[in-house]
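**Q** Next up is a structure, given as structure tokens.
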Amino acid sequence: MKFIIAKKYLPFTLAALFFISCSKEETAKPAPSPSENVKSFEAMNTFMTIKSYGPNASEANDSAEVLVQQLESLLSTTRDSSHIYKLNHSERYPVQVDAKVKKLADFSLEMAKETDGALNPVLYPIVHAWGFTTENYRVPSDSEIQNILPLTDYNQVKISETGISMKPGMMMDLGAVGKGYTGDQILALLKSKGMTSAILDLGGNVQTLGCKKDGKKWKVGITNPWDGPPIGGIEVCDMAVITSGGYERFFEKEGNRYIHIFDGKKGKTVENGLSAVTIIAKSGLYADALSTALFVMGEESAIEFWKKNRNKFQMLLLREDKSAIYTNELESVIKFTYNINNRIVID
């Protein structure tokens with residue numbers, strides 16, 4: 001059995017084009033002024049970088065790191081002091097949780113309904129059975145999966161003023177939306193502290209505040225799901241660019257590849273011909289949710305969903321055959337540097 005776990009560190013993430021292109025220039029520059037600061041740290045099981053411009057940028061970025069730590073302490077599925085952990089290990093319901101957790105859980109449940117379960121915040125028991133929560137990877141039997149599936153019914157989750165209630169044995173995981181929500185909260189904090197321009201790379205989730213300091217658009221690289229340097233880039237201002245793909249975490253057994261993204265209806269890893277889905281939207285939370293949901297849906301359903309919500313987001317679908325499908329509004333802002341086999345623009 002071959003196990004492969006890939007974490008998206010900064011030089012090879014969606015932000016790669018911007019950060020690599022500016023790195024040589026920055027080595028020749030004097031130390032950044034108080035109005036410019038770059039801060040990197042580890043949190044939420046990934047590597048994060050914040051680059052911001054404005055008065056006292058260093059202090060603002062320090063505050064942002066504290067905010068990330070606070071959110072992680074609420075949302076972690078493994079820290080026994082977190083509100084999610086307490087919810088998942090409670091014997092009595094409802095469980096009172098922080099307002100932020102309740103809000104995020106409520107959003108996730110609404111998205112579960114809107115995407116017909118493609119985004120499922122209570123899929124944790126299935127993910128655990130496959131070993132992705134412990135790194136003890138295995139392929140559960142069909143009968144085991146069928147026994148677990150009732151514990152992943154998001155309709156059994158109830159949110160009220162007194163807290164969150166679930167069916168005993170159910171477990172919640174807000175990881176599919178946690179970094180997008182965190183990015184939104186960071187940008188709001190930076191803006192409140194006078195930052196006029198910023199770019200965040202939260203383990204591959206890229207979000208921007210305004211444009212670059214010189215007024216030009218940020219150039220956000222698109223991760224190559226087939227290995228190698230970024231396949232191209234997208235120019236954005238004040239937007240989130242978030243990708244989900246099977247290349248991030250997976251294991252192989254007996255010639256089969258099992259990725260960390262699951263079809264909640266089947267309780268099995270997704271196999272639909274897609275390599276990655278990139279969402280571009282104003283809200284990091286919304287983009288994070290959709291990058292996972294549309295990957296699960298597959299090409300046809302993702303396109304249909306976009307056509308019904310075209311004013312809310314744009315998307316890029318990368319197929320396993322190294323072809324690309326993207327929405328028409330990206331035509332003027334996307335540039336490919338990789339030899340894509342076929343490009344299809346939808347409108």
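In the structure tokens, chains take the letters A, B, ... in the order shown, each chain's residues start at 1, and ligands count up from 1 in the order shown.
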Using only C-alpha atoms, tabulate the residues of region 57-82 of chain A lying at most 9 Å from any atom of region 173-185 of chain A, each with its closest atom pair and that distance in Å to one decimal, by chain and increasing residue number, as CSV.
**A**
```
residue,atom,partner,partner_atom,distance
A:Ala64,CA,A:Gln185,CA,8.6
A:Leu67,CA,A:Gln185,CA,8.1
A:Val68,CA,A:Thr182,CA,6.7
A:Leu71,CA,A:Thr182,CA,7.2
A:Glu72,CA,A:Gly178,CA,8.6
A:Leu75,CA,A:Leu174,CA,6.9
A:Ser76,CA,A:Asp173,CA,8.2
A:Thr77,CA,A:Asp173,CA,6.5
```
**Q** For the contact check between region 195-301 of chain A and region 137-161 of chain A, emit one row per residue of region 195-301 of chain A within 9 Å, containing the shortest atom pair and the distance in Å rounded to one decimal, counting only C-alpha atoms, chain then rising number order, as CSV.
**A**
```
residue,atom,partner,partner_atom,distance
A:Phe251,CA,A:Tyr137,CA,7.2
A:Lys253,CA,A:Arg138,CA,8.5
A:Tyr258,CA,A:Val139,CA,8.7
A:Gly264,CA,A:Thr152,CA,7.6
A:Lys265,CA,A:Leu149,CA,7.8
A:Lys266,CA,A:Leu149,CA,8.1
A:Gly267,CA,A:Ile145,CA,6.1
A:Lys268,CA,A:Ile145,CA,8.1
```
**Q** Quick one: DSSP helix (DSSP H, G or I) residues in region 223-338 of chain A, as a list in words?
**A**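 Selecting the helix (DSSP H, G or I) positions of region 223-338 of chain A gives Gly284, Leu285, Tyr286, Ala287, Asp288, Ala289, Leu290, Ser291, Thr292, Ala293, Leu294, Phe295, Val296, Met297, Glu299, Glu300, Ser301, Ala302, Ile303, Glu304, Phe305, Trp306, Lys307, Lys308, Asn328, Glu329 and Leu330 of chain A.
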**Q** Keeping N, CA, C and O atoms for every residue in the selection just given, could you write it to a file as a compact mmCIF listing (two decimals), in the first residue's frame?
**A**
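Just written: out_10.txt:
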```txt
# COMPACT_ATOMS: atom_id res chain seq x y z
N GLY A 284 -14.78 34.49 0.99
CA GLY A 284 -13.94 33.31 1.14
C GLY A 284 -14.73 32.13 1.66
O GLY A 284 -14.49 30.99 1.27
N LEU A 285 -15.67 32.39 2.54
CA LEU A 285 -16.50 31.32 3.10
C LEU A 285 -17.29 30.62 2.00
O LEU A 285 -17.33 29.39 1.92
N TYR A 286 -17.91 31.41 1.14
CA TYR A 286 -18.72 30.86 0.05
C TYR A 286 -17.83 30.11 -0.94
O TYR A 286 -18.17 29.01 -1.38
N ALA A 287 -16.68 30.70 -1.28
CA ALA A 287 -15.76 30.07 -2.24
C ALA A 287 -15.22 28.75 -1.69
O ALA A 287 -15.09 27.76 -2.41
N ASP A 288 -14.91 28.72 -0.40
CA ASP A 288 -14.39 27.51 0.24
C ASP A 288 -15.43 26.40 0.18
O ASP A 288 -15.13 25.25 -0.16
N ALA A 289 -16.66 26.75 0.52
CA ALA A 289 -17.74 25.76 0.50
C ALA A 289 -17.96 25.21 -0.90
O ALA A 289 -18.09 23.99 -1.11
N LEU A 290 -17.99 26.09 -1.89
CA LEU A 290 -18.28 25.67 -3.26
C LEU A 290 -17.14 24.89 -3.89
O LEU A 290 -17.37 24.00 -4.71
N SER A 291 -15.90 25.19 -3.53
CA SER A 291 -14.79 24.47 -4.13
C SER A 291 -14.89 22.97 -3.81
O SER A 291 -14.60 22.13 -4.67
N THR A 292 -15.34 22.67 -2.61
CA THR A 292 -15.55 21.27 -2.24
C THR A 292 -16.83 20.72 -2.85
O THR A 292 -16.84 19.64 -3.45
N ALA A 293 -17.93 21.47 -2.71
CA ALA A 293 -19.23 20.99 -3.17
C ALA A 293 -19.25 20.71 -4.67
O ALA A 293 -19.76 19.67 -5.12
N LEU A 294 -18.70 21.63 -5.47
CA LEU A 294 -18.74 21.45 -6.92
C LEU A 294 -17.81 20.35 -7.37
O LEU A 294 -18.06 19.68 -8.38
N PHE A 295 -16.72 20.14 -6.62
CA PHE A 295 -15.85 18.99 -6.92
C PHE A 295 -16.63 17.70 -6.74
O PHE A 295 -16.56 16.79 -7.57
N VAL A 296 -17.37 17.62 -5.66
CA VAL A 296 -18.18 16.43 -5.39
C VAL A 296 -19.26 16.26 -6.45
O VAL A 296 -19.52 15.14 -6.91
N MET A 297 -19.90 17.36 -6.84
CA MET A 297 -20.99 17.29 -7.82
C MET A 297 -20.52 16.72 -9.16
O MET A 297 -21.25 16.00 -9.83
N GLU A 299 -18.59 17.57 -13.11
CA GLU A 299 -18.61 18.59 -14.16
C GLU A 299 -20.01 19.08 -14.54
O GLU A 299 -20.29 20.28 -14.50
N GLU A 300 -20.91 18.20 -14.90
CA GLU A 300 -22.22 18.61 -15.40
C GLU A 300 -23.02 19.35 -14.35
O GLU A 300 -23.61 20.40 -14.62
N SER A 301 -23.07 18.80 -13.15
CA SER A 301 -23.85 19.43 -12.08
C SER A 301 -23.22 20.75 -11.64
O SER A 301 -23.93 21.69 -11.27
N ALA A 302 -21.88 20.82 -11.66
CA ALA A 302 -21.20 22.06 -11.30
C ALA A 302 -21.56 23.17 -12.28
O ALA A 302 -21.83 24.32 -11.88
N ILE A 303 -21.57 22.85 -13.56
CA ILE A 303 -21.92 23.84 -14.58
C ILE A 303 -23.37 24.28 -14.41
O ILE A 303 -23.70 25.47 -14.51
N GLU A 304 -24.24 23.34 -14.15
CA GLU A 304 -25.65 23.67 -13.95
C GLU A 304 -25.83 24.56 -12.72
O GLU A 304 -26.60 25.53 -12.74
N PHE A 305 -25.09 24.28 -11.66
CA PHE A 305 -25.17 25.09 -10.44
C PHE A 305 -24.69 26.51 -10.73
O PHE A 305 -25.28 27.48 -10.27
N TRP A 306 -23.59 26.63 -11.49
CA TRP A 306 -23.07 27.96 -11.81
C TRP A 306 -24.09 28.76 -12.62
O TRP A 306 -24.29 29.95 -12.38
N LYS A 307 -24.73 28.13 -13.57
CA LYS A 307 -25.69 28.83 -14.42
C LYS A 307 -26.86 29.40 -13.60
O LYS A 307 -27.44 30.42 -13.97
N LYS A 308 -27.16 28.75 -12.49
CA LYS A 308 -28.24 29.23 -11.62
C LYS A 308 -27.74 30.30 -10.64
O LYS A 308 -28.55 31.01 -10.04
N ASN A 328 -17.11 32.31 -18.52
CA ASN A 328 -16.71 33.32 -19.51
C ASN A 328 -16.09 34.57 -18.90
O ASN A 328 -15.24 35.21 -19.53
N GLU A 329 -16.48 34.95 -17.70
CA GLU A 329 -15.92 36.17 -17.11
C GLU A 329 -14.45 36.03 -16.74
O GLU A 329 -13.77 37.03 -16.48
N LEU A 330 -13.94 34.81 -16.72
CA LEU A 330 -12.52 34.60 -16.43
C LEU A 330 -11.65 34.76 -17.66
O LEU A 330 -10.42 34.85 -17.55
```
**Q** Go ahead and compute the interatomic distance for CA of Leu202 (chain A) and CA of Thr49 (chain A), in Å to one decimal.
**A**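 CA of Leu202 (chain A) sits 6.5 Å away from CA of Thr49 (chain A).
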**Q** Nearest residue to Thr327 (chain A) out of A:Asn136, A:Asn309, A:Ser283, A:Gln207, using only C-alpha atoms?
**A**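 The closest residue to Thr327 (chain A) is A:Asn309.
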**Q** Near Trp218 (chain A), counting only C-alpha atoms, which residues have an atom at most 6 Å away, once you skip same-chain residues fewer than 2 positions from it, shown as a list in words?
**A** Lys212, Glu235 and Val236 of chain A
**Q** May I have the residues from that selection written out with C-alpha atoms, as an mmCIF file, in the first residue's frame?
**A**
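After the write, selection.cif holds the following:
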```cif
data_model
loop_
_atom_site.group_PDB
_atom_site.id
_atom_site.type_symbol
_atom_site.label_atom_id
_atom_site.label_comp_id
_atom_site.auth_asym_id
_atom_site.auth_seq_id
_atom_site.Cartn_x
_atom_site.Cartn_y
_atom_site.Cartn_z
ATOM 1 C CA LYS A 212 -1.855 45.687 -4.827
ATOM 2 C CA GLU A 235 -5.693 38.547 -11.769
ATOM 3 C CA VAL A 236 -8.024 39.731 -9.012
#
```
**Q** Enter the distance from CA of Met166 (chain A) to CA of Ala129 (chain A), in Å, rounded to one decimal.
**A**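 If I compute the distance from CA of Met166 (chain A) to CA of Ala129 (chain A), I get 19.2 Å.
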